[in-house]
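Colleague: This one is model_34.csv, CSV, C-alpha atoms.
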chain,number,residue,atom,x,y,z
A,209,MET,CA,52.1,90.2,-121.3
A,210,ARG,CA,51.5,93.9,-120.4
A,211,ARG,CA,47.8,93.2,-119.7
A,212,ASN,CA,48.7,90.4,-117.4
A,213,LEU,CA,51.2,92.5,-115.5
A,214,ARG,CA,48.6,95.3,-115.1
A,215,ALA,CA,46.0,92.9,-113.8
A,216,LEU,CA,48.5,91.4,-111.4
A,217,LEU,CA,49.6,94.8,-110.1
A,218,ALA,CA,46.0,96.0,-109.7
A,219,GLY,CA,45.2,92.8,-107.8
A,220,LEU,CA,48.1,93.4,-105.5
A,221,ALA,CA,47.1,97.0,-104.9
A,222,VAL,CA,43.6,95.9,-103.9
A,223,ALA,CA,45.0,93.1,-101.6
A,224,THR,CA,47.5,95.5,-100.0
A,225,ALA,CA,44.8,98.1,-99.3
A,226,ALA,CA,42.5,95.5,-97.8
A,227,ALA,CA,45.3,94.4,-95.5
A,228,PHE,CA,45.7,97.8,-93.9
A,229,VAL,CA,42.3,98.6,-92.4
A,230,PRO,CA,42.5,101.6,-90.1
A,231,ALA,CA,41.6,100.9,-86.4
A,232,GLY,CA,38.6,103.2,-86.7
A,233,ALA,CA,37.2,101.1,-89.5
A,234,GLN,CA,37.0,97.9,-87.3
A,235,ALA,CA,33.6,96.7,-86.2
A,236,ALA,CA,32.5,97.8,-82.8
A,237,GLY,CA,33.1,95.3,-80.0
A,238,THR,CA,36.1,93.4,-78.9
A,239,SER,CA,37.0,91.4,-82.1
A,240,SER,CA,40.1,92.5,-83.8
A,241,VAL,CA,41.2,92.1,-87.4
A,242,ARG,CA,43.5,89.2,-86.5
A,243,ALA,CA,40.6,87.2,-85.1
A,244,GLU,CA,38.7,87.6,-88.4
A,245,ALA,CA,41.8,87.0,-90.6
A,246,ALA,CA,43.4,83.9,-89.2
A,247,ALA,CA,41.9,80.4,-89.4
A,248,PRO,CA,41.3,78.8,-86.0
A,249,ASP,CA,44.3,76.9,-84.8
A,250,GLY,CA,43.0,75.6,-81.4
A,251,PHE,CA,45.0,78.0,-79.2
A,252,LEU,CA,44.3,80.6,-76.6
A,253,TYR,CA,46.9,83.4,-76.9
A,254,ALA,CA,47.8,85.9,-74.2
A,255,TRP,CA,50.3,88.8,-74.4
A,256,GLU,CA,52.0,90.8,-71.7
A,257,HIS,CA,51.2,94.2,-73.4
A,258,ALA,CA,48.2,95.4,-75.4
A,259,HIS,CA,48.1,94.8,-79.2
A,260,ALA,CA,50.3,91.6,-79.0
A,261,GLY,CA,53.2,93.3,-77.3
A,262,GLY,CA,55.8,91.8,-75.0
A,263,ALA,CA,56.1,88.3,-73.8
A,264,HIS,CA,53.3,85.8,-74.8
A,265,CYS,CA,51.9,82.5,-73.9
A,266,ARG,CA,49.6,80.1,-75.8
A,267,TRP,CA,47.7,77.0,-74.8
A,268,ASN,CA,45.5,74.4,-76.5
A,269,GLN,CA,44.3,72.7,-73.3
A,270,ASP,CA,43.1,73.8,-69.8
A,271,ASN,CA,45.8,75.4,-67.7
A,272,GLY,CA,45.5,75.8,-64.0
A,273,ASN,CA,48.6,78.0,-63.5
A,274,TRP,CA,49.7,80.4,-66.1
A,275,ALA,CA,53.2,80.7,-64.5
A,276,GLY,CA,55.1,83.1,-66.8
A,277,CYS,CA,51.9,84.9,-67.9
A,278,ARG,CA,49.9,84.8,-64.6
A,279,ASN,CA,48.7,88.3,-63.6
A,280,LYS,CA,50.7,89.8,-66.5
A,281,ILE,CA,48.4,89.8,-69.6
A,282,SER,CA,46.9,92.8,-71.4
A,283,ASP,CA,45.8,91.1,-74.6
A,284,VAL,CA,43.9,87.8,-75.2
A,285,TRP,CA,42.7,86.0,-78.2
A,286,ASN,CA,40.6,82.8,-78.4
A,287,ASN,CA,41.6,81.2,-81.7
A,288,GLY,CA,40.1,77.9,-80.7
A,289,PHE,CA,38.1,75.6,-83.1
A,290,PRO,CA,34.4,76.1,-83.3
A,291,GLY,CA,32.3,73.3,-81.9
A,292,ARG,CA,33.0,71.4,-78.7
A,293,LEU,CA,35.2,73.2,-76.2
A,294,GLN,CA,35.2,76.4,-78.2
A,295,ASP,CA,34.9,79.0,-75.5
A,296,VAL,CA,37.4,79.9,-72.8
A,297,ARG,CA,36.8,80.9,-69.2
A,298,LEU,CA,39.6,83.1,-67.9
A,299,PHE,CA,39.8,82.8,-64.1
A,300,TRP,CA,41.0,85.3,-61.5
A,301,GLY,CA,42.7,82.5,-59.4
A,302,THR,CA,44.9,79.6,-60.1
A,303,GLY,CA,43.4,76.1,-60.5
A,304,MET,CA,40.4,77.6,-62.3
A,305,THR,CA,39.1,79.3,-59.1
A,306,GLY,CA,37.5,82.5,-58.3
A,307,SER,CA,35.5,84.7,-60.6
A,308,TRP,CA,35.8,84.2,-64.4
A,309,VAL,CA,34.9,85.9,-67.6
A,310,CYS,CA,34.1,84.2,-70.9
A,311,LEU,CA,36.1,84.6,-74.1
A,312,HIS,CA,34.0,83.2,-77.0
A,313,GLN,CA,35.5,81.3,-79.9
A,314,GLY,CA,37.2,83.8,-82.2
A,315,GLU,CA,37.0,86.7,-79.7
A,316,SER,CA,39.9,88.9,-79.3
A,317,ILE,CA,40.5,91.7,-76.7
A,318,PRO,CA,43.6,93.4,-77.8
A,319,ASP,CA,43.7,95.9,-74.9
A,320,LEU,CA,42.0,94.5,-71.8
A,321,ASN,CA,42.7,97.7,-69.9
A,322,ALA,CA,41.1,100.0,-72.4
A,323,ALA,CA,38.2,97.6,-72.8
A,324,ARG,CA,37.7,97.7,-69.0
A,325,THR,CA,36.9,94.0,-69.1
A,326,VAL,CA,36.1,92.6,-65.6
A,327,PHE,CA,35.6,89.2,-64.0
A,328,THR,CA,31.8,88.8,-63.9
A,329,ALA,CA,31.0,85.4,-62.4
A,330,PRO,CA,30.5,85.1,-58.6
A,331,GLY,CA,33.6,84.4,-56.6
A,332,ARG,CA,36.8,86.0,-55.4
A,333,GLY,CA,37.9,88.7,-57.8
A,334,GLN,CA,34.5,89.4,-59.2
A,335,GLY,CA,34.3,93.0,-60.5
A,336,GLN,CA,38.1,93.3,-60.8
A,337,LEU,CA,39.8,94.1,-64.1
A,338,VAL,CA,41.0,91.1,-66.1
A,339,ASN,CA,44.0,93.1,-67.2
A,340,ASP,CA,47.0,91.9,-65.2
A,341,ASN,CA,44.8,89.7,-63.1
A,342,ALA,CA,44.1,86.4,-65.0
A,343,SER,CA,45.7,83.3,-63.6
A,344,SER,CA,44.2,80.2,-65.3
A,345,HIS,CA,41.7,79.1,-67.9
A,346,ASP,CA,39.6,76.2,-69.1
A,347,TRP,CA,37.9,75.3,-72.4
A,348,VAL,CA,34.1,74.9,-72.3
A,349,ASP,CA,31.4,74.1,-74.8
A,350,ALA,CA,29.6,77.4,-74.1
A,351,CYS,CA,29.7,80.1,-71.4
Could you render the structure from this file as structure tokens?

Modeller:
Amino acid sequence: MRRNLRALLAGLAVATAAAFVPAGAQAAGTSSVRAEAAAPDGFLYAWEHAHAGGAHCRWNQDNGNWAGCRNKISDVWNNGFPGRLQDVRLFWGTGMTGSWVCLHQGESIPDLNAARTVFTAPGRGQGQLVNDNASSHDWVDAC
């Protein structure tokens, strides 16, 4: 019994330590621990403030007008399914218009402002920060 309890406690200690990875230990790039930890659920997530703070929205289909989240987001995560329609294009304008930037399947940008992510495709809004400027999105096979 004591041996089983020790093994259980040791296993819990290892699992707990693995769950608390310091920010500096994350791989370089825009992927966060949450993108690596959660199984894909088919949704694009957007939060008002960096690091999943404030109000949030989520979608599992194209959306031409983010309404409550339009021009207010500072954190995005594509937790879509791999395969067809796995990537998301975030657009500067409503109705999937203007410049856009790609968010690949599983990609997370927990602080759009700090990452200095900009709209890169030709069109209105090109070169502007995505932070507090995204208005719509669509799902695509690849971008």

Colleague: Restricting the calculation to all atoms listed in the file: of A:Gly276, A:Gly333, A:Gly262, A:Gly314, which residue gets closest to Asp249 (chain A)?

Modeller: A:Gly314

Colleague: Rounded to one decimal in Å, what is the spacing between CA of Ala258 (chain A) and CA of Leu320 (chain A)?

Modeller: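 Atom-to-atom, CA of Ala258 (chain A) and CA of Leu320 (chain A) are spaced 7.2 Å apart.
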
Colleague: Taking (37.4, 84.8, -66.6) in the file's coordinates as the center, which residues reach within 12 Å of it, counting only C-alpha atoms, put as a CSV table (one decimal) with C-alpha atoms, keeping the file's coordinate frame?

Modeller:
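And here is the file that came out, out.csv:
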chain,number,residue,atom,x,y,z
A,284,VAL,CA,43.9,87.8,-75.2
A,295,ASP,CA,34.9,79.0,-75.5
A,296,VAL,CA,37.4,79.9,-72.8
A,297,ARG,CA,36.8,80.9,-69.2
A,298,LEU,CA,39.6,83.1,-67.9
A,299,PHE,CA,39.8,82.8,-64.1
A,300,TRP,CA,41.0,85.3,-61.5
A,301,GLY,CA,42.7,82.5,-59.4
A,302,THR,CA,44.9,79.6,-60.1
A,304,MET,CA,40.4,77.6,-62.3
A,305,THR,CA,39.1,79.3,-59.1
A,306,GLY,CA,37.5,82.5,-58.3
A,307,SER,CA,35.5,84.7,-60.6
A,308,TRP,CA,35.8,84.2,-64.4
A,309,VAL,CA,34.9,85.9,-67.6
A,310,CYS,CA,34.1,84.2,-70.9
A,311,LEU,CA,36.1,84.6,-74.1
A,312,HIS,CA,34.0,83.2,-77.0
A,320,LEU,CA,42.0,94.5,-71.8
A,325,THR,CA,36.9,94.0,-69.1
A,326,VAL,CA,36.1,92.6,-65.6
A,327,PHE,CA,35.6,89.2,-64.0
A,328,THR,CA,31.8,88.8,-63.9
A,329,ALA,CA,31.0,85.4,-62.4
A,330,PRO,CA,30.5,85.1,-58.6
A,331,GLY,CA,33.6,84.4,-56.6
A,332,ARG,CA,36.8,86.0,-55.4
A,333,GLY,CA,37.9,88.7,-57.8
A,334,GLN,CA,34.5,89.4,-59.2
A,335,GLY,CA,34.3,93.0,-60.5
A,336,GLN,CA,38.1,93.3,-60.8
A,337,LEU,CA,39.8,94.1,-64.1
A,338,VAL,CA,41.0,91.1,-66.1
A,339,ASN,CA,44.0,93.1,-67.2
A,341,ASN,CA,44.8,89.7,-63.1
A,342,ALA,CA,44.1,86.4,-65.0
A,343,SER,CA,45.7,83.3,-63.6
A,344,SER,CA,44.2,80.2,-65.3
A,345,HIS,CA,41.7,79.1,-67.9
A,346,ASP,CA,39.6,76.2,-69.1
A,347,TRP,CA,37.9,75.3,-72.4
A,348,VAL,CA,34.1,74.9,-72.3
A,351,CYS,CA,29.7,80.1,-71.4

Colleague: Here is a test: counting only C-alpha atoms, which residue of A:Cys265, A:Asp319, A:Gly288, A:Gln313 is nearest to Tyr253 (chain A)?

Modeller: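 For Tyr253 (chain A), the nearest of the candidates is A:Cys265.
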
Colleague: Quick one: pull the distance between CA of Pro318 (chain A) and CA of Asp340 (chain A), Å, one decimal.

Modeller: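 A separation of 13.1 Å between them.
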
Colleague: When you count only C-alpha atoms, which of these residues is closest to Arg324 (chain A): A:Trp274, A:Asp283, A:Gln269, A:Gly261?

Modeller: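 Under the stated criterion, the closest residue is A:Asp283.
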
Colleague: For CA of Leu293 (chain A) and CA of Leu252 (chain A), quote the distance in Å rounded to one decimal.

Modeller: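 Those two atoms sit 11.7 Å apart.
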
Colleague: Would you mind telling me which residue in A:Ala263, A:Ile281, A:Ala246, A:Ala350 lies nearest to Asn321 (chain A) when using only C-alpha atoms?

Modeller: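 Of all the options, A:Ile281 lies closest to Asn321 (chain A).
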
Colleague: Check the smallest atom-to-atom distance from each of A:Phe289, A:Ser282, A:His264, A:Asn271 to Phe251 (chain A) using all atoms listed in the file, then report the winner.

Modeller: A:Phe289

Colleague: Restricting the calculation to only C-alpha atoms: of A:Asp349, A:Asp270, A:Trp255, A:Gly250, which residue gets closest to Ile317 (chain A)?

Modeller: A:Trp255
